[in-house]
file query.cif (mmCIF, C-alpha atoms and all ligand atoms)
data_start
loop_
_atom_site.label_atom_id
_atom_site.label_comp_id
_atom_site.auth_asym_id
_atom_site.auth_seq_id
_atom_site.Cartn_x
_atom_site.Cartn_y
_atom_site.Cartn_z
CA MET A 1 -161.49 6.92 125.94
CA GLY A 2 -157.81 7.79 125.94
CA GLY A 3 -155.64 10.75 126.79
CA TRP A 4 -155.27 14.02 124.91
CA VAL A 5 -152.66 14.25 122.17
CA LEU A 6 -152.19 17.92 121.33
CA GLY A 7 -151.02 18.99 117.88
CA VAL A 8 -149.55 22.50 117.77
CA ILE A 9 -149.07 24.32 114.46
CA GLY A 10 -147.11 27.54 114.66
CA GLY A 11 -143.87 29.44 114.29
CA SER A 12 -140.47 27.92 114.90
CA GLY A 13 -139.60 29.65 118.21
CA LEU A 14 -142.62 27.99 119.80
CA TYR A 15 -140.95 24.64 120.29
CA GLU A 16 -138.01 25.62 122.42
CA ILE A 17 -140.02 24.62 125.46
CA GLU A 18 -138.14 23.73 128.62
CA GLY A 19 -139.74 20.65 130.13
CA LEU A 20 -140.63 19.00 126.81
CA ALA A 21 -139.40 15.46 127.52
CA ASN A 22 -138.28 12.87 124.93
CA ARG A 23 -138.00 15.45 122.10
CA ARG A 24 -137.70 13.81 118.73
CA TRP A 25 -137.98 15.16 115.17
CA VAL A 26 -139.80 12.56 113.06
CA LYS A 27 -140.30 12.51 109.30
CA ALA A 28 -143.98 12.06 108.42
CA ASP A 29 -145.36 11.08 105.01
CA SER A 30 -148.74 11.96 103.57
CA PRO A 31 -150.54 11.02 100.35
CA TRP A 32 -151.44 14.75 100.19
CA GLY A 33 -147.82 15.73 99.48
CA GLU A 34 -145.06 17.23 101.60
CA PRO A 35 -145.97 18.64 105.03
CA SER A 36 -144.22 21.86 106.07
CA ASP A 37 -141.54 20.03 108.07
CA GLU A 38 -140.82 17.02 110.24
CA LEU A 39 -142.92 16.65 113.39
CA LEU A 40 -141.37 17.39 116.76
CA THR A 41 -142.86 14.97 119.28
CA GLY A 42 -142.43 15.10 123.04
CA GLU A 43 -144.22 14.94 126.35
CA ILE A 44 -145.15 17.29 129.15
CA GLY A 45 -146.17 15.04 132.04
CA ASP A 46 -148.71 12.58 130.62
CA LEU A 47 -149.62 14.74 127.61
CA LYS A 48 -148.14 13.88 124.24
CA LEU A 49 -147.42 16.95 122.10
CA VAL A 50 -146.81 17.03 118.36
CA PHE A 51 -145.40 20.30 116.96
CA LEU A 52 -145.36 21.29 113.30
CA PRO A 53 -143.64 24.50 112.12
CA ARG A 54 -146.21 25.89 109.66
CA HIS A 55 -143.68 27.71 107.51
CA GLY A 56 -140.95 25.10 107.97
CA ARG A 57 -137.82 25.62 110.07
CA GLY A 58 -136.17 28.80 108.80
CA HIS A 59 -139.55 30.16 107.54
CA ARG A 60 -139.22 28.96 103.93
CA ILE A 61 -142.90 28.43 103.02
CA SER A 62 -145.21 31.37 102.20
CA PRO A 63 -148.84 31.35 103.41
CA THR A 64 -150.11 30.41 99.92
CA GLU A 65 -147.58 27.56 99.67
CA VAL A 66 -148.37 25.93 103.04
CA ASN A 67 -149.68 22.43 102.27
CA SER A 68 -152.42 22.41 104.90
CA ARG A 69 -153.89 19.12 103.67
CA ALA A 70 -150.60 17.33 104.28
CA ASN A 71 -150.07 19.16 107.59
CA ILE A 72 -153.48 18.20 109.01
CA ASP A 73 -153.15 14.68 107.61
CA VAL A 74 -149.78 13.98 109.29
CA LEU A 75 -151.03 15.36 112.62
CA LYS A 76 -154.08 13.08 112.40
CA ARG A 77 -151.87 10.09 111.54
CA ALA A 78 -149.57 10.96 114.47
CA GLY A 79 -152.57 10.39 116.74
CA CYS A 80 -153.44 14.01 117.58
CA THR A 81 -156.87 14.36 119.18
CA ASP A 82 -156.97 18.19 119.04
CA ILE A 83 -155.11 21.01 117.31
CA LEU A 84 -153.97 24.35 118.65
CA SER A 85 -153.04 26.67 115.81
CA VAL A 86 -150.88 29.62 116.79
CA SER A 87 -150.85 32.56 114.35
CA ALA A 88 -149.54 36.10 114.18
CA VAL A 89 -152.34 38.50 113.21
CA GLY A 90 -153.02 42.19 112.64
CA SER A 91 -155.68 44.03 114.65
CA LEU A 92 -158.70 45.71 113.05
CA ARG A 93 -159.96 47.15 116.38
CA GLU A 94 -158.58 49.63 118.85
CA GLU A 95 -159.25 47.20 121.73
CA TYR A 96 -157.00 44.42 120.36
CA ALA A 97 -153.54 45.88 120.97
CA PRO A 98 -150.18 44.56 119.74
CA GLY A 99 -148.95 42.07 122.34
CA ASP A 100 -152.47 40.80 123.15
CA PHE A 101 -153.60 37.23 122.52
CA ALA A 102 -157.08 36.26 121.28
CA LEU A 103 -159.01 33.05 120.75
CA VAL A 104 -160.93 33.12 117.48
CA ASP A 105 -164.50 31.83 117.21
CA GLN A 106 -165.36 32.92 113.65
CA TYR A 107 -163.41 33.24 110.40
CA ILE A 108 -164.05 35.07 107.15
CA ASP A 109 -162.16 33.07 104.53
CA ARG A 110 -160.81 35.36 101.79
CA THR A 111 -158.13 32.95 100.58
CA PHE A 112 -158.47 31.82 96.98
CA ALA A 113 -155.29 30.04 95.86
CA ARG A 114 -155.18 27.04 98.22
CA PRO A 115 -156.73 23.55 98.08
CA LYS A 116 -159.44 23.58 100.73
CA SER A 117 -160.85 20.08 101.07
CA PHE A 118 -159.89 16.42 101.44
CA PHE A 119 -163.08 15.58 99.56
CA GLY A 120 -164.02 15.67 95.88
CA THR A 121 -162.72 13.17 93.30
CA GLY A 122 -165.62 10.76 93.86
CA LEU A 123 -166.32 11.30 97.54
CA VAL A 124 -168.55 14.24 98.45
CA ALA A 125 -168.91 15.62 101.98
CA HIS A 126 -170.12 18.91 103.41
CA VAL A 127 -169.05 19.48 107.02
CA SER A 128 -170.65 22.25 109.08
CA MET A 129 -168.47 25.31 109.65
CA ALA A 130 -171.15 27.28 111.53
CA ASP A 131 -169.06 26.99 114.70
CA PRO A 132 -165.60 26.49 113.22
CA THR A 133 -163.56 26.29 116.43
CA CYS A 134 -163.77 23.99 119.44
CA PRO A 135 -165.20 25.90 122.43
CA ARG A 136 -163.65 23.45 124.91
CA LEU A 137 -160.10 23.76 123.54
CA SER A 138 -160.47 27.53 123.00
CA GLY A 139 -161.64 28.01 126.60
CA LEU A 140 -158.75 25.96 127.97
CA ALA A 141 -156.26 27.87 125.80
CA ALA A 142 -157.68 31.24 126.96
CA ALA A 143 -157.35 30.19 130.59
CA ALA A 144 -153.82 28.93 129.94
CA GLY A 145 -152.86 32.24 128.32
CA ARG A 146 -154.17 34.22 131.29
CA ALA A 147 -152.40 31.90 133.74
CA ALA A 148 -149.22 32.65 131.77
CA GLY A 149 -149.77 36.37 132.37
CA GLN A 150 -151.05 37.37 128.92
CA THR A 151 -154.03 39.56 128.05
CA VAL A 152 -156.38 37.18 126.22
CA ALA A 153 -159.58 38.12 124.37
CA GLU A 154 -162.15 35.54 123.35
CA ALA A 155 -164.71 35.21 120.55
CA ALA A 156 -162.75 37.21 117.97
CA THR A 157 -163.62 37.19 114.26
CA LEU A 158 -160.56 36.65 112.02
CA VAL A 159 -160.36 37.50 108.33
CA VAL A 160 -157.91 35.24 106.53
CA MET A 161 -156.50 36.89 103.40
CA GLU A 162 -154.41 35.33 100.66
CA GLY A 163 -151.37 37.59 100.95
CA PRO A 164 -148.43 37.61 100.84
CA GLN A 165 -148.82 41.40 100.57
CA PHE A 166 -150.60 43.13 103.45
CA SER A 167 -154.02 44.76 102.84
CA THR A 168 -154.70 48.08 101.20
CA ARG A 169 -156.31 50.71 103.44
CA ALA A 170 -159.62 50.27 101.60
CA GLU A 171 -159.54 46.50 102.24
CA SER A 172 -158.66 47.03 105.88
CA GLU A 173 -161.65 49.41 106.27
CA LEU A 174 -163.90 46.97 104.39
CA TYR A 175 -163.06 44.12 106.78
CA ARG A 176 -163.74 46.43 109.73
CA SER A 177 -167.15 47.29 108.25
CA TRP A 178 -167.87 43.53 108.05
CA GLY A 179 -167.37 43.23 111.81
CA ALA A 180 -163.98 41.48 111.68
CA ASP A 181 -161.59 42.01 114.61
CA LEU A 182 -158.35 40.48 113.36
CA ILE A 183 -156.58 39.74 110.08
CA GLY A 184 -154.09 37.01 109.21
CA MET A 185 -152.91 34.79 106.36
CA THR A 186 -152.71 31.27 107.77
CA ALA A 187 -155.73 29.91 109.66
CA MET A 188 -157.61 29.01 106.46
CA PRO A 189 -158.00 26.44 105.01
CA GLU A 190 -156.36 24.83 108.07
CA ALA A 191 -159.53 25.22 110.19
CA LYS A 192 -161.74 23.72 107.45
CA LEU A 193 -159.41 20.77 106.92
CA ALA A 194 -159.17 20.11 110.67
CA ARG A 195 -162.97 19.89 110.78
CA GLU A 196 -162.99 17.50 107.82
CA ALA A 197 -160.42 15.39 109.69
CA GLU A 198 -162.70 15.40 112.78
CA LEU A 199 -160.08 17.27 114.82
CA PRO A 200 -161.27 19.90 117.33
CA TYR A 201 -159.30 23.05 116.45
CA ALA A 202 -158.60 26.40 118.11
CA THR A 203 -156.73 29.47 116.84
CA LEU A 204 -154.56 31.27 119.38
CA ALA A 205 -153.98 34.59 117.61
CA MET A 206 -151.07 36.78 118.69
CA VAL A 207 -151.66 40.42 117.76
CA THR A 208 -148.53 41.94 116.23
CA ASP A 209 -149.77 45.21 114.64
CA TYR A 210 -152.74 47.46 113.84
CA ASP A 211 -152.74 46.66 110.12
CA CYS A 212 -153.12 49.92 108.13
CA TRP A 213 -156.59 51.34 108.98
CA ARG A 214 -155.44 53.32 112.01
CA GLU A 215 -154.50 56.95 111.32
CA GLU A 216 -152.16 57.20 114.35
CA THR A 217 -150.05 54.20 113.36
CA ALA A 218 -147.54 53.63 110.60
CA ALA A 219 -148.55 51.07 107.93
CA VAL A 220 -147.68 47.52 108.92
CA GLU A 221 -144.13 46.34 108.24
CA VAL A 222 -142.53 42.92 108.68
CA SER A 223 -139.85 44.29 111.02
CA ALA A 224 -142.50 45.55 113.47
CA VAL A 225 -144.40 42.24 113.25
CA MET A 226 -141.21 40.27 113.99
CA GLU A 227 -140.33 42.51 116.92
CA VAL A 228 -143.70 41.95 118.64
CA MET A 229 -143.53 38.23 117.86
CA ALA A 230 -140.14 37.94 119.50
CA ALA A 231 -141.42 39.83 122.54
CA ASN A 232 -144.42 37.43 122.73
CA ALA A 233 -142.50 34.19 122.26
CA ASP A 234 -142.07 33.55 126.01
CA GLY A 235 -145.79 34.18 126.59
CA ALA A 236 -146.75 31.78 123.80
CA ARG A 237 -144.46 29.03 125.13
CA ALA A 238 -145.74 29.57 128.69
CA THR A 239 -149.33 29.34 127.38
CA ILE A 240 -148.59 25.98 125.76
CA VAL A 241 -147.03 24.64 128.96
CA ARG A 242 -150.06 25.79 131.02
CA LEU A 243 -152.41 24.23 128.47
CA ALA A 244 -150.43 20.98 128.60
CA GLU A 245 -150.80 20.99 132.39
CA ALA A 246 -154.59 21.28 131.96
CA LEU A 247 -154.72 18.29 129.58
CA GLN A 248 -153.17 15.61 131.79
CA ASP A 249 -156.32 13.55 132.39
CA GLU A 250 -158.62 11.44 130.23
CA ARG A 251 -160.12 13.28 127.27
CA PRO A 252 -163.93 13.32 127.19
CA ALA A 253 -165.32 12.77 123.68
CA SER A 254 -166.18 15.81 121.56
CA PRO A 255 -169.02 16.01 119.00
CA ILE A 256 -166.36 17.08 116.48
CA ASP A 257 -164.73 13.61 116.82
CA THR A 258 -167.59 12.15 114.74
CA CYS A 259 -168.75 15.12 112.64
CA LEU A 260 -168.33 13.22 109.36
CA ASP A 261 -171.15 10.89 110.43
CA TYR A 262 -173.50 13.66 109.27
CA ALA A 263 -171.48 15.12 106.42
CA VAL A 264 -170.70 12.48 103.75
CA VAL A 265 -173.17 12.57 100.86
CA THR A 266 -171.74 9.86 98.57
CA SER A 267 -173.41 6.51 99.11
CA PRO A 268 -171.14 3.84 100.70
CA SER A 269 -171.91 1.52 97.77
CA ALA A 270 -170.06 3.97 95.49
CA TRP A 271 -166.82 3.92 97.57
CA ASP A 272 -165.25 0.79 95.96
N1 LIG A 301 -150.03 38.85 110.14
C1 LIG A 301 -149.55 39.71 111.06
N2 LIG A 301 -150.02 40.97 110.84
C2 LIG A 301 -150.82 40.89 109.75
C3 LIG A 301 -151.58 41.83 109.02
N3 LIG A 301 -151.64 43.11 109.36
N4 LIG A 301 -152.27 41.39 107.93
C4 LIG A 301 -152.23 40.08 107.59
N5 LIG A 301 -151.52 39.16 108.23
C5 LIG A 301 -150.83 39.54 109.31
#
call {"tool": "encode", "arguments": {"input": "query.cif", "output": "structure tokens"}}
result
Amino acid sequence: MGGWVLGVIGGSGLYEIEGLANRRWVKADSPWGEPSDELLTGEIGDLKLVFLPRHGRGHRISPTEVNSRANIDVLKRAGCTDILSVSAVGSLREEYAPGDFALVDQYIDRTFARPKSFFGTGLVAHVSMADPTCPRLSGLAAAAGRAAGQTVAEAATLVVMEGPQFSTRAESELYRSWGADLIGMTAMPEAKLAREAELPYATLAMVTDYDCWREETAAVEVSAVMEVMAANADGARATIVRLAEALQDERPASPIDTCLDYAVVTSPSAWD
């Protein structure tokens, strides 16, 4: 058993954390292509943190263009044991208000233009996605968010759409009728690839808007999303620091660390 190494995927403002010691931007290579950016490594106490700006510094990469295979691969190679994914999302429910945080426990994957697996090309595996997030990491992140003074919901269902356009009103209503609580563009296929890489994964969703289903509210616009994100940036950074403080000790093993033991179909004799 070793210590935790926390990978954090999220927006650029997230990394300006006071107290992140030994900050270093490091170029990381992957056989899966170019990751979104260099990795920012550093430490808070005994915890090693590895940050990756999902859209690259300066927000150059659209949700469809994010190379999630390379991103997850370089975090795994950097020694991450767990991944916290931070995403801006719209709300499909009155009770999730702009400014609130939520930990996701289910996804509905509506993306269709992104590579979604490390497998194929001769090696077949089917990992379970019945419980797609890590309850341990999600619980710790929820507690960290509350300790940082945020309102944090748990067990939210997130629809991930292809984008880059926002939903039509009919789509927004459809997702509500399916029981979804939140909508975003980035957590898939990231969550699936993290599972294939045997990395426990949690989505910390930051609610920025009410999407377009709500009569009382104007249709979602980027300027409103950015405004709420800027207002939430301190809360997100404080949540990461509190989470880091909770991950100072040895890391007990997780069943997700070995989930491929039950998932690879191809016979080992066919691997050469
Ligand atoms: N990200 C932030 N708000 C969103 C919305 N309403 N739909 C999809 N992605 C979002």
call {"tool": "closest_atom_pairs", "arguments": {"input": "query.cif", "of": "segment 159-258 of chain A", "to": "segment 63-85 of chain A", "cutoff": "10 Å", "atoms": "only C-alpha atoms", "output": "Markdown table"}}
result
| residue | atom | partner | partner_atom | distance |
| --- | --- | --- | --- | --- |
| A:Met161 | CA | A:Pro63 | CA | 9.5 |
| A:Glu162 | CA | A:Thr64 | CA | 6.6 |
| A:Gly163 | CA | A:Pro63 | CA | 7.2 |
| A:Pro164 | CA | A:Pro63 | CA | 6.8 |
| A:Gly184 | CA | A:Pro63 | CA | 9.7 |
| A:Met185 | CA | A:Pro63 | CA | 6.1 |
| A:Thr186 | CA | A:Pro63 | CA | 5.8 |
| A:Ala187 | CA | A:Ser85 | CA | 7.5 |
| A:Met188 | CA | A:Ser68 | CA | 8.5 |
| A:Pro189 | CA | A:Ser68 | CA | 6.9 |
| A:Glu190 | CA | A:Ser68 | CA | 5.6 |
| A:Ala191 | CA | A:Ser85 | CA | 8.7 |
| A:Lys192 | CA | A:Ser68 | CA | 9.8 |
| A:Leu193 | CA | A:Arg69 | CA | 6.6 |
| A:Ala194 | CA | A:Ile72 | CA | 6.2 |
| A:Arg195 | CA | A:Ile72 | CA | 9.8 |
| A:Glu196 | CA | A:Ile72 | CA | 9.6 |
| A:Ala197 | CA | A:Lys76 | CA | 7.3 |
| A:Glu198 | CA | A:Thr81 | CA | 8.7 |
| A:Leu199 | CA | A:Asp82 | CA | 5.3 |
| A:Pro200 | CA | A:Asp82 | CA | 4.9 |
| A:Tyr201 | CA | A:Ile83 | CA | 4.7 |
| A:Ala202 | CA | A:Leu84 | CA | 5.1 |
| A:Thr203 | CA | A:Ser85 | CA | 4.7 |
| A:Leu204 | CA | A:Ser85 | CA | 6.0 |
| A:Ala205 | CA | A:Ser85 | CA | 8.2 |
| A:Ile240 | CA | A:Leu84 | CA | 9.1 |
| A:Leu243 | CA | A:Leu84 | CA | 9.9 |
| A:Arg251 | CA | A:Thr81 | CA | 8.8 |
| A:Ala253 | CA | A:Thr81 | CA | 9.7 |
| A:Ser254 | CA | A:Thr81 | CA | 9.7 |
| A:Ile256 | CA | A:Asp82 | CA | 9.8 |
| A:Asp257 | CA | A:Thr81 | CA | 8.2 |
call {"tool": "closest_residue", "arguments": {"input": "query.cif", "among": "A:Ser223, A:Ala233, A:Phe118, A:Ser87", "to": "ligand LIG 301 (chain A)", "atoms": "all atoms listed in the file"}}
result
A:Ser87
call {"tool": "residues_around", "arguments": {"input": "query.cif", "residues": "Asp46 of chain A", "least_positions_apart": "6", "cutoff": "9 Å", "atoms": "only C-alpha atoms", "output": "ChimeraX atom specification"}}
result
/A:3-4,244-245,247-249
call {"tool": "closest_residue", "arguments": {"input": "query.cif", "among": "A:Ala142, A:Val152, A:Val228, A:Ala88", "to": "ligand LIG 301 (chain A)", "atoms": "only C-alpha atoms and all ligand atoms"}}
result
A:Ala88
call {"tool": "closest_residue", "arguments": {"input": "query.cif", "among": "A:Asp37, A:Asp181, A:Glu95, A:Glu43", "to": "Ile61 of chain A", "atoms": "only C-alpha atoms"}}
result
A:Asp37
call {"tool": "atom_distance", "arguments": {"input": "query.cif", "atom1": "atom CA of Ala155 of chain A", "atom2": "atom N1 of ligand LIG 301 (chain A)"}}
result
18.4 Å
call {"tool": "residues_near_ligand", "arguments": {"input": "query.cif", "ligand": "ligand LIG 301 (chain A)", "cutoff": "10 Å", "atoms": "only C-alpha atoms and all ligand atoms", "output": "NGL selection string"}}
result
:A and (63 or 87-92 or 98 or 159-168 or 172 or 182-186 or 205-213 or 219-222 or 224-226 or 228-229)
call {"tool": "closest_residue", "arguments": {"input": "query.cif", "among": "A:Gly19, A:Gly13, A:Gly149, A:Pro252", "to": "Leu49 of chain A", "atoms": "all atoms listed in the file"}}
result
A:Gly19
call {"tool": "closest_residue", "arguments": {"input": "query.cif", "among": "A:Arg242, A:Arg93, A:Arg54, A:Arg114", "to": "Ala148 of chain A", "atoms": "all atoms listed in the file"}}
result
A:Arg242
call {"tool": "closest_residue", "arguments": {"input": "query.cif", "among": "A:Ala113, A:Val5, A:Leu103, A:Ala180", "to": "Thr133 of chain A", "atoms": "all atoms listed in the file"}}
result
A:Leu103
call {"tool": "build_atoms", "arguments": {"input": "query.cif", "residues": "segment 173-184 of chain A", "atoms": "N, CA and C atoms", "output": "PDB file, in the frame of the given file"}}
result
ATOM      1  N   GLU A 173    -160.391  48.761 105.851  1.00  0.00           N
ATOM      2  CA  GLU A 173    -161.650  49.410 106.270  1.00  0.00           C
ATOM      3  C   GLU A 173    -162.847  48.531 105.930  1.00  0.00           C
ATOM      4  N   LEU A 174    -162.803  47.866 104.785  1.00  0.00           N
ATOM      5  CA  LEU A 174    -163.900  46.970 104.390  1.00  0.00           C
ATOM      6  C   LEU A 174    -164.081  45.851 105.417  1.00  0.00           C
ATOM      7  N   TYR A 175    -162.976  45.228 105.807  1.00  0.00           N
ATOM      8  CA  TYR A 175    -163.060  44.120 106.780  1.00  0.00           C
ATOM      9  C   TYR A 175    -163.590  44.622 108.118  1.00  0.00           C
ATOM     10  N   ARG A 176    -163.198  45.853 108.499  1.00  0.00           N
ATOM     11  CA  ARG A 176    -163.740  46.430 109.730  1.00  0.00           C
ATOM     12  C   ARG A 176    -165.253  46.609 109.610  1.00  0.00           C
ATOM     13  N   SER A 177    -165.707  47.065 108.440  1.00  0.00           N
ATOM     14  CA  SER A 177    -167.150  47.290 108.250  1.00  0.00           C
ATOM     15  C   SER A 177    -167.918  45.967 108.271  1.00  0.00           C
ATOM     16  N   TRP A 178    -167.234  44.858 107.993  1.00  0.00           N
ATOM     17  CA  TRP A 178    -167.870  43.530 108.050  1.00  0.00           C
ATOM     18  C   TRP A 178    -167.955  42.999 109.488  1.00  0.00           C
ATOM     19  N   GLY A 179    -167.334  43.684 110.418  1.00  0.00           N
ATOM     20  CA  GLY A 179    -167.370  43.230 111.810  1.00  0.00           C
ATOM     21  C   GLY A 179    -166.165  42.391 112.212  1.00  0.00           C
ATOM     22  N   ALA A 180    -165.167  42.276 111.335  1.00  0.00           N
ATOM     23  CA  ALA A 180    -163.980  41.480 111.680  1.00  0.00           C
ATOM     24  C   ALA A 180    -163.122  42.212 112.711  1.00  0.00           C
ATOM     25  N   ASP A 181    -162.452  41.446 113.557  1.00  0.00           N
ATOM     26  CA  ASP A 181    -161.590  42.010 114.610  1.00  0.00           C
ATOM     27  C   ASP A 181    -160.110  41.890 114.275  1.00  0.00           C
ATOM     28  N   LEU A 182    -159.757  40.814 113.574  1.00  0.00           N
ATOM     29  CA  LEU A 182    -158.350  40.480 113.360  1.00  0.00           C
ATOM     30  C   LEU A 182    -158.137  40.072 111.911  1.00  0.00           C
ATOM     31  N   ILE A 183    -156.884  40.161 111.454  1.00  0.00           N
ATOM     32  CA  ILE A 183    -156.580  39.740 110.080  1.00  0.00           C
ATOM     33  C   ILE A 183    -155.266  38.946 110.050  1.00  0.00           C
ATOM     34  N   GLY A 184    -155.288  37.838 109.330  1.00  0.00           N
ATOM     35  CA  GLY A 184    -154.090  37.010 109.210  1.00  0.00           C
ATOM     36  C   GLY A 184    -154.058  36.318 107.853  1.00  0.00           C
TER      37      GLY A 184
END
